[in-house]
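Comments concern the structure below.
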Amino acid sequence: MSEITRAVPVARPRPIQAVPLRHPWRNLLAFALIFLLLAFIIDAAQREAYDWPAFALYLFDVRVVQAAGVTLALTFLAMLGAVVVGIVLAVMRETDNPVLRAIAWGVIWFFRGTPVYVQLVFWGLLSSIYQTINLGLPFMEPWLVLETADVIPLFWIAVLGLALNEAAYMAEIVRAGLLSIDPGQTEAASALGMGWWLTMRKVVIPQAMRVIIPPTGNEVISMLKTTSLVTAVPFSWDLCTRTRDISAATLNPIPLLLVASVWYLFFTSIMMIGQSRLEKHFSRGQLGHGTTPKRRKHREPAERGPMVLASPEAVAAPGGGAGAPDGAGMPEGGGR
Amino acid sequence: MSDIKVSAQEVHKSFGDTHVLKGIDLEVRRGEVSCLLGPSGSGKSTFLRCINHLESIDSGRIEVDGTLIGYREHGERLHELKPAEAAAQRENIGMVFQRFNLFPHMTALENITCAPVFVKRTQRSEARQRALELLDRVGLADKADAYPRELSGGQQQRVAIARALAMTPDLMLFDEPTSALDPELVGEVLDVMKSLAESGMTMIVVTHEMGFAREVADTVTFMDGGVVVEHGTPEEVLVRPQHGRTKAFLSKVL
Ligand SMILES: Nc1ncnc2c1ncn2[C@@H]1O[C@H](COP(=O)(O)OP(=O)(O)OP(=O)(O)O)[C@@H](O)[C@H]1O
Ligand SMILES: [Mg+2]
């Protein structure tokens, strides 16, 4: 910058020396926080109570790894069920049939309106409320009588409980996605001779996904942690319950809490990466959303243009010159 | 084969309590360009949408190439076709919308190949070849990989026309194709439509472009309040209208 300034003849008006606004208090706060963080880490590394050797021992303990797998399976299956039931509920809410609409509304109302914990306890009691499952016609001798407790293992009861509760939320998310599509889209598809299912697959769903994925990502991460409530069923092989059971035996809860946290964080991080990949995939055709890689490349030089090509005059101009270095030095506003 | 491409007889249509179409009669000959004019709310769009059964009708009948559209005749009654059967009828009727309605998540090329590939099961390479030819025909050979949002309104509408043509329709419906465009972009779309008309396509065009109607149309129909008020050559309807309502409308738009 200073070289360019010197090149300007003296007769011209003095160019503006662009000094970015300083933020001393903000910087001070940042330093203070870094200091506190370092102090905490150094302290934690030495503190007996965290018992790091025990942490290292249990992190990859077979029981813990298995429990992590169970938690992941619960999350995956419950979300799968929730998405399927959620889509059905969302479609039911948009039909012309008032009975279907009312039923869907009622299901969503009930499962959103009561705590998951209560629902899970309830599902756990299923086998004592309905001790047998009778297959047959009403008011006649059943053909087949099954003991509920035998047929439905606790794992699946946990999945069922989590899935139904979550389905109520997924229904609303899916519905918002479907409603976000301009009716002109389905109209254009129909006019081209595309049927309902083809229109859904090629036109509606790919666009609705853009609206559906971000909140669904939240729901998946939230589900991962909600699985810790399955102890209410009672199902005790998930990560949270299992580590608590182990620590109850060893009388050393803190390292196991840390072990569980690290596993949850690990899964959450992977899910976040997956979500951002999916979001990119479905943002096709969206300007400013990392559209086509090609287009981005074309654009960048143009954006940098004023800086690279700046002649002394251009830099001297208040608008062009002062803005560019400032913009380059400041981190962009970030994703949100 | 009869000379009549589209024939509408006594078409009635209501939305709830609003009686929108009150007995529309219209005949369009093969290769004819027919312009529909009329004030806002007169039912032009609704009628156009009945021709490819995007909208059901309450009574009357619409035939394209002598085939009843949207219904099957059973004695005295007309039974509505199943969605798949109605979809099959639409394959040969192209439609272009006021607001383009391109699929924003597909490139121009994908917009055009989508229906041929998934509805007609055309080979991908063949559909692609044909799409490139169509893009060239509407003057957008270099925009094959552009997304709709990267195109101007006029370019989007030309892609939309190419998309409709990709299904090789023999009837094209246009619902105010230039009303959403900036004035300087109207010409490029009308030029494409003009050359389409010259190629012998049967076209029904709802438009407020009087210049286009006068120059390109073979017949002009003036609708008001859900009925056809006046029908004839552009000369008859636009230059020497017989009805007061037509005169009043024309004095406003000209
Ligand atoms: N889906 C619908 N539900 C209820 N009423 C409708 C529907 N579609 C159209 N209408 C009504 O039907 C009447 C005719 O509408 P239509 O869109 O056919 O008019 P138009 O002649 O195309 O007008 P414009 O020039 O404004 O496009 C209007 O009063 C409109 O409100
Ligand atoms: Mg209209």
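So you can find residues: chains in the structure tokens are A, B, ... in the order shown, residues in each start at 1, and ligands are numbered from 1 in order.
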
Name the residues in contact with Asp175 of chain B at a cut-off of 12 Å, using only C-alpha atoms, excluding same-chain residues fewer than 3 positions from it; report them as JSON, numbers by chain.
{"B": [35, 36, 37, 43, 44, 45, 46, 47, 48, 49, 51, 94, 95, 96, 97, 98, 99, 100, 101, 157, 161, 172, 178, 179, 180, 203, 204, 205, 206, 207, 208, 209]}

Suppose we keep N, CA, C and O atoms; can you now write the selection as a compact mmCIF listing (two decimals), in the first residue's frame?
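selection-v4.txt written:
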# COMPACT_ATOMS: atom_id res chain seq x y z
N CYS B 35 -54.96 -16.86 -31.04
CA CYS B 35 -54.67 -16.01 -29.87
C CYS B 35 -55.94 -15.80 -29.06
O CYS B 35 -57.01 -15.56 -29.61
N LEU B 36 -55.76 -15.91 -27.73
CA LEU B 36 -56.87 -15.67 -26.80
C LEU B 36 -56.62 -14.35 -26.10
O LEU B 36 -55.57 -14.18 -25.47
N LEU B 37 -57.57 -13.43 -26.18
CA LEU B 37 -57.45 -12.16 -25.47
C LEU B 37 -58.59 -12.05 -24.48
O LEU B 37 -59.61 -12.71 -24.61
N GLY B 43 -61.00 -15.92 -17.48
CA GLY B 43 -60.97 -17.38 -17.57
C GLY B 43 -60.06 -17.93 -18.66
O GLY B 43 -60.13 -19.11 -18.99
N LYS B 44 -59.16 -17.09 -19.20
CA LYS B 44 -58.28 -17.54 -20.28
C LYS B 44 -57.35 -18.65 -19.80
O LYS B 44 -57.24 -19.71 -20.43
N SER B 45 -56.67 -18.41 -18.66
CA SER B 45 -55.75 -19.42 -18.14
C SER B 45 -56.50 -20.70 -17.80
O SER B 45 -56.04 -21.80 -18.10
N THR B 46 -57.64 -20.55 -17.17
CA THR B 46 -58.43 -21.71 -16.78
C THR B 46 -58.79 -22.55 -18.01
O THR B 46 -58.64 -23.77 -18.00
N PHE B 47 -59.22 -21.89 -19.06
CA PHE B 47 -59.59 -22.61 -20.27
C PHE B 47 -58.38 -23.34 -20.86
O PHE B 47 -58.45 -24.52 -21.23
N LEU B 48 -57.24 -22.65 -20.90
CA LEU B 48 -56.03 -23.25 -21.44
C LEU B 48 -55.65 -24.50 -20.64
O LEU B 48 -55.26 -25.52 -21.20
N ARG B 49 -55.80 -24.40 -19.32
CA ARG B 49 -55.44 -25.53 -18.46
C ARG B 49 -56.42 -26.69 -18.59
O ARG B 49 -56.07 -27.83 -18.27
N ILE B 51 -57.52 -27.59 -21.49
CA ILE B 51 -57.19 -28.27 -22.74
C ILE B 51 -56.20 -29.40 -22.53
O ILE B 51 -56.21 -30.38 -23.26
N GLY B 94 -47.72 -29.50 -25.51
CA GLY B 94 -46.70 -28.71 -24.79
C GLY B 94 -47.35 -27.51 -24.13
O GLY B 94 -48.36 -26.99 -24.61
N MET B 95 -46.79 -27.10 -22.99
CA MET B 95 -47.35 -25.91 -22.34
C MET B 95 -46.22 -25.01 -21.86
O MET B 95 -45.22 -25.48 -21.32
N VAL B 96 -46.41 -23.70 -22.04
CA VAL B 96 -45.42 -22.72 -21.61
C VAL B 96 -46.13 -21.75 -20.68
O VAL B 96 -47.24 -21.29 -20.98
N PHE B 97 -45.49 -21.47 -19.54
CA PHE B 97 -46.16 -20.71 -18.48
C PHE B 97 -45.65 -19.28 -18.40
O PHE B 97 -44.52 -18.98 -18.78
N GLN B 98 -46.49 -18.46 -17.80
CA GLN B 98 -46.12 -17.06 -17.60
C GLN B 98 -44.82 -16.94 -16.80
O GLN B 98 -43.96 -16.16 -17.14
N ARG B 99 -44.70 -17.75 -15.74
CA ARG B 99 -43.52 -17.64 -14.88
C ARG B 99 -42.52 -18.76 -15.14
O ARG B 99 -41.82 -19.20 -14.25
N PHE B 100 -42.43 -19.22 -16.38
CA PHE B 100 -41.43 -20.16 -16.89
C PHE B 100 -41.52 -21.54 -16.24
O PHE B 100 -41.51 -22.55 -16.92
N ASN B 101 -41.48 -21.56 -14.86
CA ASN B 101 -41.53 -22.83 -14.14
C ASN B 101 -40.46 -23.82 -14.57
O ASN B 101 -40.72 -25.02 -14.65
N GLN B 157 -37.41 -18.32 -20.52
CA GLN B 157 -38.63 -18.66 -21.24
C GLN B 157 -38.31 -19.43 -22.52
O GLN B 157 -39.03 -20.34 -22.91
N ILE B 161 -39.58 -23.12 -23.58
CA ILE B 161 -40.19 -23.51 -24.86
C ILE B 161 -39.47 -24.74 -25.41
O ILE B 161 -40.11 -25.71 -25.85
N MET B 172 -49.20 -26.67 -29.01
CA MET B 172 -48.50 -25.91 -27.96
C MET B 172 -49.45 -24.89 -27.36
O MET B 172 -50.13 -24.15 -28.06
N THR B 178 -44.99 -13.84 -22.28
CA THR B 178 -44.08 -12.70 -22.18
C THR B 178 -44.49 -11.70 -21.10
O THR B 178 -43.82 -10.68 -20.92
N SER B 179 -45.54 -12.00 -20.33
CA SER B 179 -46.03 -10.99 -19.37
C SER B 179 -45.09 -10.77 -18.20
O SER B 179 -45.13 -9.73 -17.57
N ALA B 180 -44.25 -11.77 -17.89
CA ALA B 180 -43.37 -11.60 -16.74
C ALA B 180 -42.01 -11.05 -17.16
O ALA B 180 -41.10 -11.00 -16.34
N MET B 203 -50.85 -23.69 -32.40
CA MET B 203 -50.56 -22.97 -31.16
C MET B 203 -51.79 -22.23 -30.66
O MET B 203 -52.50 -21.59 -31.43
N ILE B 204 -52.02 -22.33 -29.34
CA ILE B 204 -53.04 -21.49 -28.70
C ILE B 204 -52.30 -20.58 -27.74
O ILE B 204 -51.60 -21.07 -26.85
N VAL B 205 -52.41 -19.29 -27.95
CA VAL B 205 -51.58 -18.34 -27.22
C VAL B 205 -52.45 -17.32 -26.49
O VAL B 205 -53.17 -16.56 -27.12
N VAL B 206 -52.38 -17.36 -25.16
CA VAL B 206 -53.01 -16.28 -24.38
C VAL B 206 -51.99 -15.16 -24.31
O VAL B 206 -50.85 -15.38 -23.88
N THR B 207 -52.34 -13.99 -24.77
CA THR B 207 -51.33 -12.92 -24.79
C THR B 207 -51.97 -11.54 -24.77
O THR B 207 -53.15 -11.37 -25.09
N HIS B 208 -51.18 -10.58 -24.35
CA HIS B 208 -51.60 -9.18 -24.46
C HIS B 208 -50.76 -8.47 -25.51
O HIS B 208 -50.85 -7.26 -25.65
N GLU B 209 -49.92 -9.24 -26.22
CA GLU B 209 -49.07 -8.65 -27.26
C GLU B 209 -49.90 -8.49 -28.54
O GLU B 209 -50.00 -9.41 -29.35

Define the interface residues of chain A facing chain B as those within 8 Å, counting only C-alpha atoms, and report them as a short mmCIF file (atom, residue, chain, number, x, y, z; two decimals) with all heavy atoms, in the first residue's frame.
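Output below, filename result-v1.cif:
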data_model
loop_
_atom_site.label_atom_id
_atom_site.label_comp_id
_atom_site.auth_asym_id
_atom_site.auth_seq_id
_atom_site.Cartn_x
_atom_site.Cartn_y
_atom_site.Cartn_z
N GLY A 184 -46.16 -24.16 -9.29
CA GLY A 184 -45.80 -24.12 -10.71
C GLY A 184 -44.86 -25.25 -11.11
O GLY A 184 -44.85 -25.69 -12.25
N GLN A 185 -44.07 -25.73 -10.14
CA GLN A 185 -43.14 -26.82 -10.43
C GLN A 185 -43.87 -28.12 -10.76
O GLN A 185 -43.57 -28.77 -11.75
CB GLN A 185 -42.21 -27.04 -9.23
CG GLN A 185 -41.25 -25.90 -9.01
CD GLN A 185 -40.17 -25.87 -10.07
OE1 GLN A 185 -39.47 -26.85 -10.29
NE2 GLN A 185 -40.04 -24.76 -10.74
N GLU A 187 -46.93 -28.32 -11.62
CA GLU A 187 -47.75 -28.06 -12.78
C GLU A 187 -46.95 -28.27 -14.07
O GLU A 187 -47.41 -28.91 -15.01
CB GLU A 187 -48.24 -26.62 -12.70
CG GLU A 187 -49.48 -26.35 -13.46
CD GLU A 187 -50.13 -25.11 -12.92
OE1 GLU A 187 -49.68 -24.02 -13.29
OE2 GLU A 187 -51.08 -25.24 -12.12
N ALA A 188 -45.73 -27.72 -14.07
CA ALA A 188 -44.87 -27.87 -15.25
C ALA A 188 -44.57 -29.35 -15.48
O ALA A 188 -44.58 -29.83 -16.61
CB ALA A 188 -43.58 -27.08 -15.07
N SER A 190 -46.41 -31.92 -14.58
CA SER A 190 -47.63 -32.57 -15.10
C SER A 190 -47.80 -32.28 -16.58
O SER A 190 -48.13 -33.16 -17.37
CB SER A 190 -48.86 -32.05 -14.37
OG SER A 190 -48.80 -32.40 -13.02
N ALA A 191 -47.59 -31.00 -16.95
CA ALA A 191 -47.79 -30.61 -18.34
C ALA A 191 -46.84 -31.37 -19.27
O ALA A 191 -47.12 -31.54 -20.45
CB ALA A 191 -47.59 -29.11 -18.50
N LEU A 192 -45.70 -31.83 -18.72
CA LEU A 192 -44.76 -32.59 -19.54
C LEU A 192 -45.11 -34.08 -19.57
O LEU A 192 -44.39 -34.88 -20.15
CB LEU A 192 -43.34 -32.44 -18.98
CG LEU A 192 -42.68 -31.08 -19.23
CD1 LEU A 192 -41.44 -30.92 -18.35
CD2 LEU A 192 -42.32 -30.93 -20.70
N GLY A 193 -46.22 -34.44 -18.92
CA GLY A 193 -46.64 -35.83 -18.93
C GLY A 193 -46.01 -36.66 -17.83
O GLY A 193 -46.06 -37.89 -17.86
N MET A 194 -45.40 -36.00 -16.83
CA MET A 194 -44.81 -36.76 -15.73
C MET A 194 -45.90 -37.13 -14.73
O MET A 194 -46.76 -36.31 -14.41
CB MET A 194 -43.73 -35.92 -15.03
CG MET A 194 -42.54 -35.62 -15.95
SD MET A 194 -41.41 -34.35 -15.33
CE MET A 194 -40.58 -35.25 -14.04
N GLY A 195 -45.84 -38.36 -14.23
CA GLY A 195 -46.83 -38.82 -13.26
C GLY A 195 -46.49 -38.32 -11.86
O GLY A 195 -45.48 -37.65 -11.66
N TRP A 196 -47.36 -38.68 -10.89
CA TRP A 196 -47.19 -38.19 -9.52
C TRP A 196 -45.84 -38.61 -8.93
O TRP A 196 -45.10 -37.80 -8.39
CB TRP A 196 -48.32 -38.70 -8.63
CG TRP A 196 -48.24 -38.19 -7.22
CD1 TRP A 196 -48.67 -36.98 -6.77
CD2 TRP A 196 -47.68 -38.86 -6.09
NE1 TRP A 196 -48.40 -36.86 -5.43
CE2 TRP A 196 -47.79 -37.99 -4.98
CE3 TRP A 196 -47.07 -40.11 -5.89
CZ2 TRP A 196 -47.36 -38.32 -3.70
CZ3 TRP A 196 -46.62 -40.44 -4.61
CH2 TRP A 196 -46.77 -39.56 -3.54
N LEU A 198 -43.08 -39.77 -10.39
CA LEU A 198 -41.93 -39.23 -11.12
C LEU A 198 -41.72 -37.76 -10.75
O LEU A 198 -40.58 -37.32 -10.52
CB LEU A 198 -42.16 -39.37 -12.62
CG LEU A 198 -40.98 -39.08 -13.54
CD1 LEU A 198 -39.81 -39.99 -13.21
CD2 LEU A 198 -41.38 -39.25 -14.99
N VAL A 203 -38.61 -33.84 -9.25
CA VAL A 203 -38.84 -32.40 -9.17
C VAL A 203 -39.05 -31.92 -7.72
O VAL A 203 -38.36 -31.03 -7.25
CB VAL A 203 -40.06 -31.98 -10.04
CG1 VAL A 203 -40.34 -30.50 -9.91
CG2 VAL A 203 -39.79 -32.34 -11.50
N PRO A 206 -36.07 -33.47 -4.68
CA PRO A 206 -34.74 -32.85 -4.72
C PRO A 206 -34.75 -31.39 -4.27
O PRO A 206 -33.78 -30.93 -3.67
CB PRO A 206 -34.35 -32.95 -6.20
CG PRO A 206 -35.17 -34.04 -6.76
CD PRO A 206 -36.45 -34.04 -5.98
N GLN A 207 -35.84 -30.68 -4.53
CA GLN A 207 -35.89 -29.28 -4.10
C GLN A 207 -36.28 -29.16 -2.64
O GLN A 207 -35.77 -28.31 -1.91
CB GLN A 207 -36.90 -28.51 -4.95
CG GLN A 207 -36.47 -28.38 -6.40
CD GLN A 207 -37.45 -27.53 -7.19
OE1 GLN A 207 -37.62 -26.34 -6.91
NE2 GLN A 207 -38.10 -28.12 -8.16
N SER A 283 -27.90 -28.25 -3.01
CA SER A 283 -28.02 -26.82 -3.29
C SER A 283 -27.74 -26.53 -4.76
O SER A 283 -27.53 -25.41 -5.15
CB SER A 283 -27.05 -26.03 -2.42
OG SER A 283 -25.73 -26.29 -2.82
N ARG A 284 -27.77 -27.56 -5.58
CA ARG A 284 -27.58 -27.40 -7.02
C ARG A 284 -28.51 -26.33 -7.59
O ARG A 284 -29.69 -26.33 -7.30
CB ARG A 284 -27.89 -28.71 -7.71
CG ARG A 284 -26.76 -29.31 -8.46
CD ARG A 284 -26.98 -30.80 -8.60
NE ARG A 284 -28.00 -31.11 -9.61
CZ ARG A 284 -27.75 -31.20 -10.90
NH1 ARG A 284 -26.56 -30.96 -11.38
NH2 ARG A 284 -28.69 -31.52 -11.73
N GLY A 285 -27.94 -25.42 -8.39
CA GLY A 285 -28.77 -24.42 -9.05
C GLY A 285 -29.08 -23.22 -8.19
O GLY A 285 -29.76 -22.32 -8.60
N GLN A 286 -28.55 -23.22 -6.95
CA GLN A 286 -28.81 -22.13 -6.02
C GLN A 286 -27.65 -21.15 -6.11
O GLN A 286 -26.52 -21.51 -5.81
CB GLN A 286 -28.83 -22.75 -4.62
CG GLN A 286 -30.00 -22.46 -3.74
CD GLN A 286 -31.32 -22.30 -4.42
OE1 GLN A 286 -31.72 -23.09 -5.24
NE2 GLN A 286 -32.02 -21.24 -4.04
N LEU A 287 -27.88 -19.92 -6.49
CA LEU A 287 -26.78 -18.95 -6.58
C LEU A 287 -26.24 -18.67 -5.19
O LEU A 287 -26.98 -18.64 -4.23
CB LEU A 287 -27.26 -17.65 -7.21
CG LEU A 287 -27.42 -17.66 -8.72
CD1 LEU A 287 -27.63 -16.24 -9.21
CD2 LEU A 287 -26.20 -18.26 -9.39
#

Hey, can you check how far atom 7 (C, counted along the ligand's line) of ligand 1 sits from atom CA of Ser59 of chain B?
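Taking atom 7 (C, counted along the ligand's line) of ligand 1 as the start and atom CA of Ser59 of chain B as the end point, the length is 16.9 Å.
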
Close residues, Ser180 of chain A itself excluded, 10 Å, only C-alpha atoms, min 5 positions apart in chain, as an MDAnalysis selection string
chainID A and resid 174:175 204 207:208 210:212

Expressed in Å to a single decimal, how great is the separation between atom CA of Ala68 of chain A and atom CA of Trp263 of chain A?
7.0 Å

Atomic separation - atom CA of Gln119 of chain A relative to atom CA of Ala249 of chain A, Å:
29.1 Å

Nearest residue to ligand 1 out of B:Gly200, B:Gly41, B:Gly153, B:Gly187, using only C-alpha atoms and all ligand atoms?
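Selected residue with least distance to ligand 1: B:Gly41.
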
Using only C-alpha atoms, which residues sit within 7 Å of Glu10 of chain B once same-chain residues fewer than 2 positions away are excluded, as a PyMOL selection string?
chain B and resi 8+12+23-25+60-61

Nearest residue to ligand 1 from the set B:Val28, B:Val227, B:Leu78, B:Val186 (distances using only C-alpha atoms and all ligand atoms)
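The closest residue to ligand 1 is B:Val227.
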
Name the residues of segment 92-220 of chain B that fall into helix (DSSP H, G or I) according to DSSP on the backbone, using the chain letters and numbers of this document, as a PyMOL selection string.
chain B and resi 108-118+124-137+141-143+148-150+153-165+183-198+210-216

Quick one: of A:Gly81, A:Gly161, A:Leu257, A:Ile273, who's nearest to Trp52 of chain A, counting only C-alpha atoms?
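The answer is A:Leu257, which sits nearest to Trp52 of chain A.
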
Running DSSP on the backbone, which parts of segment 93-240 of chain A land in strand (DSSP E or B), as an mmCIF file with C-alpha atoms, in the first residue's frame?
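New file states.cif:
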data_model
loop_
_atom_site.group_PDB
_atom_site.id
_atom_site.type_symbol
_atom_site.label_atom_id
_atom_site.label_comp_id
_atom_site.auth_asym_id
_atom_site.auth_seq_id
_atom_site.Cartn_x
_atom_site.Cartn_y
_atom_site.Cartn_z
ATOM 1 C CA THR A 132 -50.683 -61.137 24.649
ATOM 2 C CA ILE A 133 -50.988 -60.255 20.994
ATOM 3 C CA ASN A 134 -54.009 -62.041 19.534
ATOM 4 C CA LEU A 135 -54.199 -62.542 15.817
ATOM 5 C CA LEU A 144 -52.641 -67.149 17.258
ATOM 6 C CA VAL A 145 -51.731 -65.855 20.700
ATOM 7 C CA LEU A 146 -48.273 -64.410 21.281
ATOM 8 C CA GLU A 147 -46.690 -63.285 24.524
#

Spatial neighbours of segment 213-222 of chain B, max dist 8 Å, only C-alpha atoms, sep filter under 3 positions, as a ChimeraX atom specification
/B:32-38,194,197,207,209-210,228-235,237-238,246

With distances taken over only C-alpha atoms, which of A:Glu279, A:Asp182, A:Glu94, A:Asp61 is nearest to Met209 of chain A?
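Closest to Met209 of chain A, using only C-alpha atoms: A:Glu279.
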